[in-house]
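*Asks:* Sharing query-v4.txt (compact mmCIF, C-alpha atoms and all ligand atoms) below.
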```txt
# COMPACT_ATOMS: atom_id res chain seq x y z
CA MET A 1 0.00 0.00 0.00
CA GLY A 2 2.75 2.27 0.94
CA ILE A 3 4.36 1.61 -2.40
CA PHE A 4 1.01 2.05 -4.22
CA MET A 5 0.37 5.27 -2.40
CA ARG A 6 3.77 6.48 -3.33
CA LYS A 7 3.11 5.39 -6.92
CA PHE A 8 -0.29 7.10 -6.89
CA LYS A 9 1.14 10.21 -5.44
CA LYS A 10 3.86 10.16 -8.02
CA GLN A 11 1.30 9.74 -10.82
CA GLU A 12 -0.84 12.46 -9.30
CA TRP A 13 2.12 14.83 -9.21
CA MET A 14 2.85 13.97 -12.75
CA ILE A 15 -0.73 14.77 -13.74
CA LEU A 16 -0.63 17.97 -11.81
CA GLY A 17 2.64 18.81 -13.42
CA LEU A 18 1.21 18.06 -16.86
CA GLU A 19 -1.85 20.16 -16.14
CA ALA A 20 0.33 23.02 -15.03
CA ALA A 21 2.45 22.64 -18.12
CA LEU A 22 -0.67 22.63 -20.29
CA ALA A 23 -1.98 25.67 -18.50
CA LEU A 24 1.34 27.45 -19.04
CA LEU A 25 1.36 26.39 -22.69
CA LEU A 26 -2.16 27.74 -23.10
CA ILE A 27 -1.29 31.01 -21.40
CA PHE A 28 1.90 31.52 -23.40
CA GLY A 29 0.23 30.28 -26.54
CA TYR A 30 -2.51 32.83 -26.16
CA LYS A 31 -0.02 35.51 -25.35
CA ASN A 32 2.04 34.64 -28.40
CA THR A 33 -1.02 34.58 -30.63
CA ALA A 34 -2.14 37.89 -29.20
CA ALA A 35 1.33 39.28 -29.69
CA GLN A 36 1.40 37.97 -33.23
CA LYS A 37 -1.96 39.56 -33.85
CA VAL A 38 -0.62 42.88 -32.67
CA ASP A 39 2.50 42.38 -34.74
CA THR A 40 0.49 41.42 -37.79
CA TRP A 41 -1.79 44.37 -37.28
CA SER A 42 0.98 46.82 -36.70
CA GLY A 43 2.87 45.22 -39.54
CA HIS A 44 -0.12 45.69 -41.73
CA VAL A 45 -0.51 49.25 -40.61
CA GLU A 46 3.16 49.85 -41.24
CA SER A 47 3.15 48.26 -44.64
CA GLY A 48 -0.04 50.14 -45.41
CA ALA A 49 1.68 53.37 -44.51
CA ASP A 50 4.67 52.31 -46.61
CA GLU A 51 2.48 51.62 -49.59
CA LYS A 52 0.75 54.92 -49.14
CA GLU A 53 4.06 56.76 -48.85
CA LYS A 54 5.42 54.84 -51.82
CA GLY A 55 2.28 55.75 -53.72
CA ILE A 56 2.74 59.40 -52.88
CA LYS A 57 6.40 59.21 -53.88
CA GLU A 58 5.53 57.41 -57.11
CA GLY A 59 2.73 59.87 -57.78
CA LYS A 60 5.11 62.72 -57.14
CA LYS A 61 7.73 61.11 -59.35
CA LYS A 62 5.22 60.60 -62.13
CA GLY A 63 4.02 64.18 -61.66
CA GLU A 64 7.55 65.50 -61.85
CA GLU A 65 8.27 63.44 -64.96
CA LYS A 66 5.11 64.77 -66.55
CA GLU A 67 6.15 68.32 -65.72
CA GLU A 68 9.59 67.68 -67.20
CA GLU A 69 8.02 66.23 -70.34
CA GLU A 70 5.76 69.23 -70.66
CA GLU A 71 8.73 71.53 -70.16
CA MET A 72 10.58 69.65 -72.91
CA LEU A 73 7.62 70.15 -75.22
CA GLN A 74 7.35 73.81 -74.26
CA GLU A 75 11.09 74.35 -74.57
CA LYS A 76 11.81 77.51 -76.49
CA LYS A 77 14.72 77.33 -78.90
CA ILE A 78 17.03 80.31 -79.19
CA ALA A 79 20.35 80.93 -80.93
CA ILE A 80 23.28 83.10 -79.91
CA THR A 81 25.66 84.32 -82.60
CA PHE A 82 28.99 86.16 -82.49
CA ASP A 83 30.45 88.32 -85.24
CA ASP A 84 33.81 89.96 -86.00
CA GLY A 85 36.10 87.40 -84.26
CA PRO A 86 38.03 85.39 -83.55
CA HIS A 87 39.69 87.46 -80.85
CA PRO A 88 42.73 85.88 -79.12
CA VAL A 89 41.52 86.85 -75.62
CA TYR A 90 37.74 87.29 -75.61
CA THR A 91 36.80 84.50 -77.99
CA GLU A 92 38.81 82.05 -75.89
CA LYS A 93 37.08 83.32 -72.72
CA LEU A 94 33.71 82.96 -74.42
CA LEU A 95 34.50 79.43 -75.58
CA ASP A 96 35.43 78.51 -71.99
CA GLY A 97 32.09 79.84 -70.73
CA LEU A 98 30.12 78.09 -73.46
CA LYS A 99 31.93 74.82 -72.74
CA ASP A 100 31.16 75.07 -69.02
CA ARG A 101 27.47 75.45 -69.87
CA ASP A 102 27.47 72.95 -72.75
CA ILE A 103 26.10 75.60 -75.12
CA LYS A 104 26.57 75.49 -78.89
CA ALA A 105 26.79 78.87 -80.61
CA THR A 106 27.33 80.22 -84.13
CA PHE A 107 30.38 82.31 -85.03
CA PHE A 108 30.60 84.54 -88.10
CA VAL A 109 34.29 85.14 -88.41
CA LEU A 110 36.36 87.56 -90.44
CA GLY A 111 38.72 85.87 -92.91
CA GLU A 112 41.71 88.00 -91.90
CA LYS A 113 41.24 87.20 -88.21
CA ALA A 114 40.60 83.49 -88.80
CA LYS A 115 43.89 83.37 -90.71
CA GLU A 116 45.65 84.97 -87.74
CA HIS A 117 44.13 82.59 -85.16
CA PRO A 118 43.52 79.23 -86.81
CA GLU A 119 43.77 77.47 -83.43
CA ILE A 120 40.62 79.28 -82.26
CA ILE A 121 38.72 78.20 -85.39
CA GLU A 122 39.88 74.64 -84.72
CA ARG A 123 38.64 74.87 -81.15
CA MET A 124 35.23 76.18 -82.28
CA GLN A 125 34.87 73.21 -84.58
CA GLU A 126 36.04 70.70 -81.97
CA GLU A 127 33.54 72.06 -79.47
CA GLY A 128 30.57 71.77 -81.82
CA HIS A 129 29.97 75.39 -82.81
CA ILE A 130 29.00 76.48 -86.29
CA ILE A 131 31.53 78.64 -88.14
CA GLY A 132 30.16 81.06 -90.73
CA ASN A 133 31.59 83.73 -93.01
CA HIS A 134 31.54 87.47 -92.21
CA THR A 135 33.71 88.58 -95.21
CA TYR A 136 37.49 88.98 -95.11
CA THR A 137 37.83 92.60 -93.94
CA HIS A 138 34.28 93.45 -92.78
CA ILE A 139 33.29 94.94 -96.09
CA GLN A 140 29.76 96.22 -96.69
CA LEU A 141 28.07 95.24 -99.93
CA ARG A 142 27.29 98.22 -102.18
CA SER A 143 26.21 98.54 -105.77
CA THR A 144 29.78 99.56 -106.61
CA ASN A 145 31.72 96.75 -104.89
CA ARG A 146 29.81 93.54 -105.64
CA GLU A 147 32.83 91.78 -107.15
CA LYS A 148 35.08 92.72 -104.25
CA PHE A 149 32.43 91.64 -101.76
CA ARG A 150 32.03 88.30 -103.52
CA ASP A 151 35.81 87.79 -103.62
CA GLU A 152 36.04 88.47 -99.88
CA LEU A 153 33.44 85.80 -99.22
CA ILE A 154 35.28 83.28 -101.36
CA ARG A 155 38.63 84.12 -99.76
CA THR A 156 37.17 83.75 -96.28
CA ASN A 157 35.60 80.41 -97.18
CA GLN A 158 39.02 79.25 -98.30
CA VAL A 159 40.62 80.26 -94.99
CA ILE A 160 37.91 78.58 -92.88
CA SER A 161 37.76 75.41 -94.99
CA GLY A 162 41.56 75.24 -94.96
CA ILE A 163 41.34 74.89 -91.16
CA THR A 164 38.14 72.87 -90.69
CA GLU A 165 38.23 70.83 -93.91
CA GLN A 166 34.52 71.51 -94.18
CA GLU A 167 32.47 73.62 -96.54
CA VAL A 168 31.22 76.94 -95.15
CA GLN A 169 27.45 77.10 -95.55
CA TYR A 170 26.43 80.25 -93.70
CA VAL A 171 27.21 83.90 -94.23
CA ARG A 172 26.35 86.93 -92.19
CA PRO A 173 26.73 89.95 -94.42
CA PRO A 174 28.14 92.95 -92.48
CA TYR A 175 25.37 95.47 -91.72
CA GLY A 176 22.86 93.00 -93.14
CA THR A 177 23.19 94.12 -96.77
CA TRP A 178 22.92 91.16 -99.11
CA ASP A 179 22.32 90.23 -102.72
CA LYS A 180 20.08 87.20 -103.03
CA LYS A 181 21.78 86.11 -106.26
CA LEU A 182 24.95 85.37 -104.26
CA GLU A 183 23.13 82.51 -102.51
CA GLU A 184 23.09 80.44 -105.69
CA GLU A 185 26.40 81.73 -106.98
CA LEU A 186 28.25 80.73 -103.83
CA ASN A 187 25.91 78.06 -102.49
CA MET A 188 25.69 79.92 -99.17
CA PHE A 189 22.82 80.81 -96.91
CA PRO A 190 22.55 84.27 -95.26
CA VAL A 191 21.81 84.43 -91.54
CA LEU A 192 20.53 87.72 -90.18
CA TRP A 193 19.35 88.40 -86.59
CA ASN A 194 16.33 89.69 -84.68
CA VAL A 195 17.78 90.55 -81.27
CA ASP A 196 20.40 93.29 -81.41
CA PRO A 197 21.55 94.65 -78.02
CA ASN A 198 24.07 97.01 -79.72
CA ASP A 199 26.82 95.52 -77.58
CA TRP A 200 29.57 97.12 -79.69
CA CYS A 201 28.65 100.66 -78.59
CA THR A 202 28.59 100.11 -74.81
CA GLY A 203 30.91 98.56 -72.30
CA ASN A 204 28.04 98.11 -69.88
CA THR A 205 27.50 94.37 -69.34
CA ASN A 206 24.24 94.81 -67.41
CA ARG A 207 22.72 97.00 -70.08
CA VAL A 208 23.57 94.48 -72.80
CA THR A 209 22.28 91.58 -70.70
CA LYS A 210 19.02 93.39 -69.96
CA SER A 211 18.53 94.22 -73.63
CA ILE A 212 19.01 90.58 -74.67
CA VAL A 213 16.81 89.15 -71.92
CA ASP A 214 14.00 91.68 -72.56
CA LYS A 215 13.94 91.09 -76.33
CA ALA A 216 14.49 87.32 -76.39
CA LYS A 217 11.63 85.23 -77.78
CA GLU A 218 11.24 81.73 -79.08
CA ASN A 219 13.43 81.23 -82.21
CA SER A 220 15.27 84.51 -81.68
CA ILE A 221 18.72 84.91 -83.20
CA ILE A 222 20.83 87.10 -80.92
CA LEU A 223 23.62 89.22 -82.39
CA LEU A 224 26.76 89.82 -80.32
CA HIS A 225 30.45 90.43 -80.94
CA ASP A 226 33.11 88.23 -79.36
CA CYS A 227 35.73 90.98 -79.36
CA TYR A 228 34.71 92.75 -76.12
CA GLN A 229 34.90 91.58 -72.50
CA SER A 230 31.49 93.15 -71.77
CA SER A 231 29.88 91.24 -74.66
CA VAL A 232 31.32 87.93 -73.45
CA ASP A 233 30.10 88.59 -69.90
CA ALA A 234 26.66 89.67 -71.14
CA ALA A 235 26.41 86.60 -73.40
CA LEU A 236 27.12 84.21 -70.53
CA SER A 237 24.84 85.92 -68.03
CA SER A 238 22.02 86.10 -70.61
CA ILE A 239 22.43 82.38 -71.31
CA ASP A 240 22.11 81.64 -67.58
CA ILE A 241 18.99 83.80 -67.20
CA LEU A 242 17.27 82.55 -70.37
CA GLU A 243 17.99 78.90 -69.59
CA GLU A 244 16.30 79.45 -66.22
CA ARG A 245 13.30 80.78 -68.16
CA GLY A 246 13.01 77.61 -70.24
CA PHE A 247 15.02 78.58 -73.32
CA ARG A 248 17.30 76.04 -74.97
CA PHE A 249 20.30 77.37 -76.86
CA VAL A 250 20.88 75.85 -80.29
CA THR A 251 22.89 76.73 -83.39
CA VAL A 252 21.23 78.86 -86.09
CA GLU A 253 20.87 75.71 -88.19
CA GLU A 254 18.28 74.35 -85.75
CA ILE A 255 16.32 77.62 -85.78
CA LEU A 256 16.32 77.97 -89.57
CA PHE A 257 15.81 74.40 -90.70
CA GLU A 258 14.05 72.37 -87.97
ZN ZN A 301 30.33 92.63 -88.11
```
Would you kindly transcribe this structure into structure tokens?

*Replies:*
Amino acid sequence: MGIFMRKFKKQEWMILGLEAALALLLIFGYKNTAAQKVDTWSGHVESGADEKEKGIKEGKKKGEEKEEEEEMLQEKKIAITFDDGPHPVYTEKLLDGLKDRDIKATFFVLGEKAKEHPEIIERMQEEGHIIGNHTYTHIQLRSTNREKFRDELIRTNQVISGITEQEVQYVRPPYGTWDKKLEEELNMFPVLWNVDPNDWCTGNTNRVTKSIVDKAKENSIILLHDCYQSSVDAALSSIDILEERGFRFVTVEEILFE
């Protein structure tokens, strides 16, 4: 009996122990489930917030892309041109500024100056600018000097082509006087201008800049001279202002033929 009792008691303890273990399992199990529920819920809330935030970010991104696309479509082309160079100091400074801004310009050079500074003509070509003809000595076409004028154009083409190994297609006649028959005779296209800040008669950079910025429109062709410090400074500050206003600088070719 004593042994039985001991056995019974042992079994009873075991049962009690099992019950306690079960109870503990139940309690912890419930706690864990409850905790999981909270985790799942908070997880859900968190991921919900993430999705929402992601959605906002994506929406914003899409919105920004749309705005950029619209800006691209609304982009206003404009061309900046420089006559009477190349100048050993100011044209080089201008080319540095254009390179920094990744801007392509159009230069109408004088034959006599191009001959003096072939390295600047080479640089213009290397950096993607268009090089046009502005006669050899800055001669103005008159009824009395047509042959001389024509000869100056041919001579200048020879100087430029001798450096670039490319045909010269564009001419800017000094003072804008031109004879249409020369287009066929020389196979050249005249390029005039519609924004003239008269940079050659003032050393005032701000005045020149203001004049350019005020007159600039879509497809404008700006006339400047790369033989003055003030013109170079005004050109670069106008580029910065107009780019901010949605203008894109291109060569005259893009304005005239695209
Ligand atoms: Zn000129």

*Asks:* What's the separation between atom CA of Ser237 of chain A and atom CA of Ile160 of chain A, in Å to one decimal place?

*Replies:* 29.0 Å

*Asks:* Residues of segment 111-151 of chain A that have any atom at most 12 Å from an atom of segment 85-106 of chain A: could you tabulate them with the shortest-distance atom pair and the distance in Å to one decimal, using only C-alpha atoms, ordered by chain and increasing number, as a Markdown table?

*Replies:*
```
| residue | atom | partner | partner_atom | distance |
| --- | --- | --- | --- | --- |
| A:Gly111 | CA | A:Gly85 | CA | 9.2 |
| A:Glu112 | CA | A:Pro86 | CA | 9.5 |
| A:Lys113 | CA | A:Pro86 | CA | 5.9 |
| A:Ala114 | CA | A:Pro86 | CA | 6.1 |
| A:Lys115 | CA | A:Pro86 | CA | 9.5 |
| A:Glu116 | CA | A:Pro86 | CA | 8.7 |
| A:His117 | CA | A:Pro86 | CA | 6.9 |
| A:Pro118 | CA | A:Pro86 | CA | 8.9 |
| A:Glu119 | CA | A:Pro88 | CA | 9.5 |
| A:Ile120 | CA | A:Pro86 | CA | 6.8 |
| A:Ile121 | CA | A:Pro86 | CA | 7.5 |
| A:Glu122 | CA | A:Pro86 | CA | 11.0 |
| A:Arg123 | CA | A:Leu95 | CA | 8.3 |
| A:Met124 | CA | A:Leu95 | CA | 7.5 |
| A:Gln125 | CA | A:Thr106 | CA | 10.3 |
| A:Glu126 | CA | A:Lys99 | CA | 10.9 |
| A:Glu127 | CA | A:Lys99 | CA | 7.5 |
| A:Gly128 | CA | A:Lys104 | CA | 6.2 |
| A:His129 | CA | A:Lys104 | CA | 5.2 |
| A:Ile130 | CA | A:Thr106 | CA | 4.6 |
| A:Ile131 | CA | A:Thr106 | CA | 6.0 |
| A:Gly132 | CA | A:Thr106 | CA | 7.2 |
| A:Asn133 | CA | A:Thr106 | CA | 10.5 |
| A:His134 | CA | A:Gly85 | CA | 9.2 |
| A:Thr135 | CA | A:Gly85 | CA | 11.3 |
| A:Tyr136 | CA | A:Gly85 | CA | 11.1 |
| A:Thr137 | CA | A:Gly85 | CA | 11.1 |
| A:His138 | CA | A:Gly85 | CA | 10.6 |
```

*Asks:* Smallest atom-to-atom distance to Ile222 of chain A: which of A:Thr209, A:Ser161, A:Thr177, A:Asn194, using only C-alpha atoms?

*Replies:*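 Closest to Ile222 of chain A, using only C-alpha atoms: A:Asn194.
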
*Asks:* Which distance in Å separates atom CA of Trp193 of chain A and atom CA of Ile221 of chain A, to one decimal?

*Replies:*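 Taking atom CA of Trp193 of chain A and atom CA of Ile221 of chain A, their separation equals 4.9 Å.
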
*Asks:* Could the residues that lie within 8 Å of ligand ZN 301 (chain A), counting all atoms listed in the file, be listed as a PyMOL selection string?

*Replies:* chain A and resi 83-84+134+138+173-175+225

*Asks:* Name the residues, using the chain letters and numbers of the file, that sit within 9 Å of (17.6, 75.7, -80.5) when counting all atoms listed in the file, and give them as a short mmCIF file (atom, residue, chain, number, x, y, z; two decimals) with C-alpha atoms, in the frame of the given file.

*Replies:*
```cif
data_model
loop_
_atom_site.label_atom_id
_atom_site.label_comp_id
_atom_site.auth_asym_id
_atom_site.auth_seq_id
_atom_site.Cartn_x
_atom_site.Cartn_y
_atom_site.Cartn_z
CA GLU A 75 11.09 74.35 -74.57
CA LYS A 76 11.81 77.51 -76.49
CA LYS A 77 14.72 77.33 -78.90
CA ILE A 78 17.03 80.31 -79.19
CA ALA A 79 20.35 80.93 -80.93
CA GLU A 218 11.24 81.73 -79.08
CA ASN A 219 13.43 81.23 -82.21
CA PHE A 247 15.02 78.58 -73.32
CA ARG A 248 17.30 76.04 -74.97
CA PHE A 249 20.30 77.37 -76.86
CA VAL A 250 20.88 75.85 -80.29
CA THR A 251 22.89 76.73 -83.39
CA VAL A 252 21.23 78.86 -86.09
CA GLU A 253 20.87 75.71 -88.19
CA GLU A 254 18.28 74.35 -85.75
CA ILE A 255 16.32 77.62 -85.78
CA GLU A 258 14.05 72.37 -87.97
#
```

*Asks:* So how many Å separate atom CA of Ala216 of chain A and atom CA of Leu242 of chain A, to one decimal?

*Replies:* 8.2 Å

*Asks:* Which is closer to Arg245 of chain A than all the others in A:Val109, A:Val213, A:Leu153, A:Leu224, using only C-alpha atoms?

*Replies:*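 Looking at the shortest contact to Arg245 of chain A, the residue is A:Val213.
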
*Asks:* When you count only C-alpha atoms, which of these residues is closest to Leu186 of chain A: A:Phe82, A:Phe108, A:Phe257, A:Phe149?

*Replies:* A:Phe149

*Asks:* Counting only C-alpha atoms, which residue out of A:Ile80, A:Glu167, A:Gly162, A:Leu192 sits closest to Ile239 of chain A?

*Replies:* A:Ile80

*Asks:* How would segment 150-225 of chain A of the given structure read as a file with C-alpha atoms, as a compact mmCIF listing (two decimals), in the first residue's frame?

*Replies:*
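Output contents, as saved in result-v8.txt:
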```
# COMPACT_ATOMS: atom_id res chain seq x y z
CA ARG A 150 32.03 88.30 -103.52
CA ASP A 151 35.81 87.79 -103.62
CA GLU A 152 36.04 88.47 -99.88
CA LEU A 153 33.44 85.80 -99.22
CA ILE A 154 35.28 83.28 -101.36
CA ARG A 155 38.63 84.12 -99.76
CA THR A 156 37.17 83.75 -96.28
CA ASN A 157 35.60 80.41 -97.18
CA GLN A 158 39.02 79.25 -98.30
CA VAL A 159 40.62 80.26 -94.99
CA ILE A 160 37.91 78.58 -92.88
CA SER A 161 37.76 75.41 -94.99
CA GLY A 162 41.56 75.24 -94.96
CA ILE A 163 41.34 74.89 -91.16
CA THR A 164 38.14 72.87 -90.69
CA GLU A 165 38.23 70.83 -93.91
CA GLN A 166 34.52 71.51 -94.18
CA GLU A 167 32.47 73.62 -96.54
CA VAL A 168 31.22 76.94 -95.15
CA GLN A 169 27.45 77.10 -95.55
CA TYR A 170 26.43 80.25 -93.70
CA VAL A 171 27.21 83.90 -94.23
CA ARG A 172 26.35 86.93 -92.19
CA PRO A 173 26.73 89.95 -94.42
CA PRO A 174 28.14 92.95 -92.48
CA TYR A 175 25.37 95.47 -91.72
CA GLY A 176 22.86 93.00 -93.14
CA THR A 177 23.19 94.12 -96.77
CA TRP A 178 22.92 91.16 -99.11
CA ASP A 179 22.32 90.23 -102.72
CA LYS A 180 20.08 87.20 -103.03
CA LYS A 181 21.78 86.11 -106.26
CA LEU A 182 24.95 85.37 -104.26
CA GLU A 183 23.13 82.51 -102.51
CA GLU A 184 23.09 80.44 -105.69
CA GLU A 185 26.40 81.73 -106.98
CA LEU A 186 28.25 80.73 -103.83
CA ASN A 187 25.91 78.06 -102.49
CA MET A 188 25.69 79.92 -99.17
CA PHE A 189 22.82 80.81 -96.91
CA PRO A 190 22.55 84.27 -95.26
CA VAL A 191 21.81 84.43 -91.54
CA LEU A 192 20.53 87.72 -90.18
CA TRP A 193 19.35 88.40 -86.59
CA ASN A 194 16.33 89.69 -84.68
CA VAL A 195 17.78 90.55 -81.27
CA ASP A 196 20.40 93.29 -81.41
CA PRO A 197 21.55 94.65 -78.02
CA ASN A 198 24.07 97.01 -79.72
CA ASP A 199 26.82 95.52 -77.58
CA TRP A 200 29.57 97.12 -79.69
CA CYS A 201 28.65 100.66 -78.59
CA THR A 202 28.59 100.11 -74.81
CA GLY A 203 30.91 98.56 -72.30
CA ASN A 204 28.04 98.11 -69.88
CA THR A 205 27.50 94.37 -69.34
CA ASN A 206 24.24 94.81 -67.41
CA ARG A 207 22.72 97.00 -70.08
CA VAL A 208 23.57 94.48 -72.80
CA THR A 209 22.28 91.58 -70.70
CA LYS A 210 19.02 93.39 -69.96
CA SER A 211 18.53 94.22 -73.63
CA ILE A 212 19.01 90.58 -74.67
CA VAL A 213 16.81 89.15 -71.92
CA ASP A 214 14.00 91.68 -72.56
CA LYS A 215 13.94 91.09 -76.33
CA ALA A 216 14.49 87.32 -76.39
CA LYS A 217 11.63 85.23 -77.78
CA GLU A 218 11.24 81.73 -79.08
CA ASN A 219 13.43 81.23 -82.21
CA SER A 220 15.27 84.51 -81.68
CA ILE A 221 18.72 84.91 -83.20
CA ILE A 222 20.83 87.10 -80.92
CA LEU A 223 23.62 89.22 -82.39
CA LEU A 224 26.76 89.82 -80.32
CA HIS A 225 30.45 90.43 -80.94
```
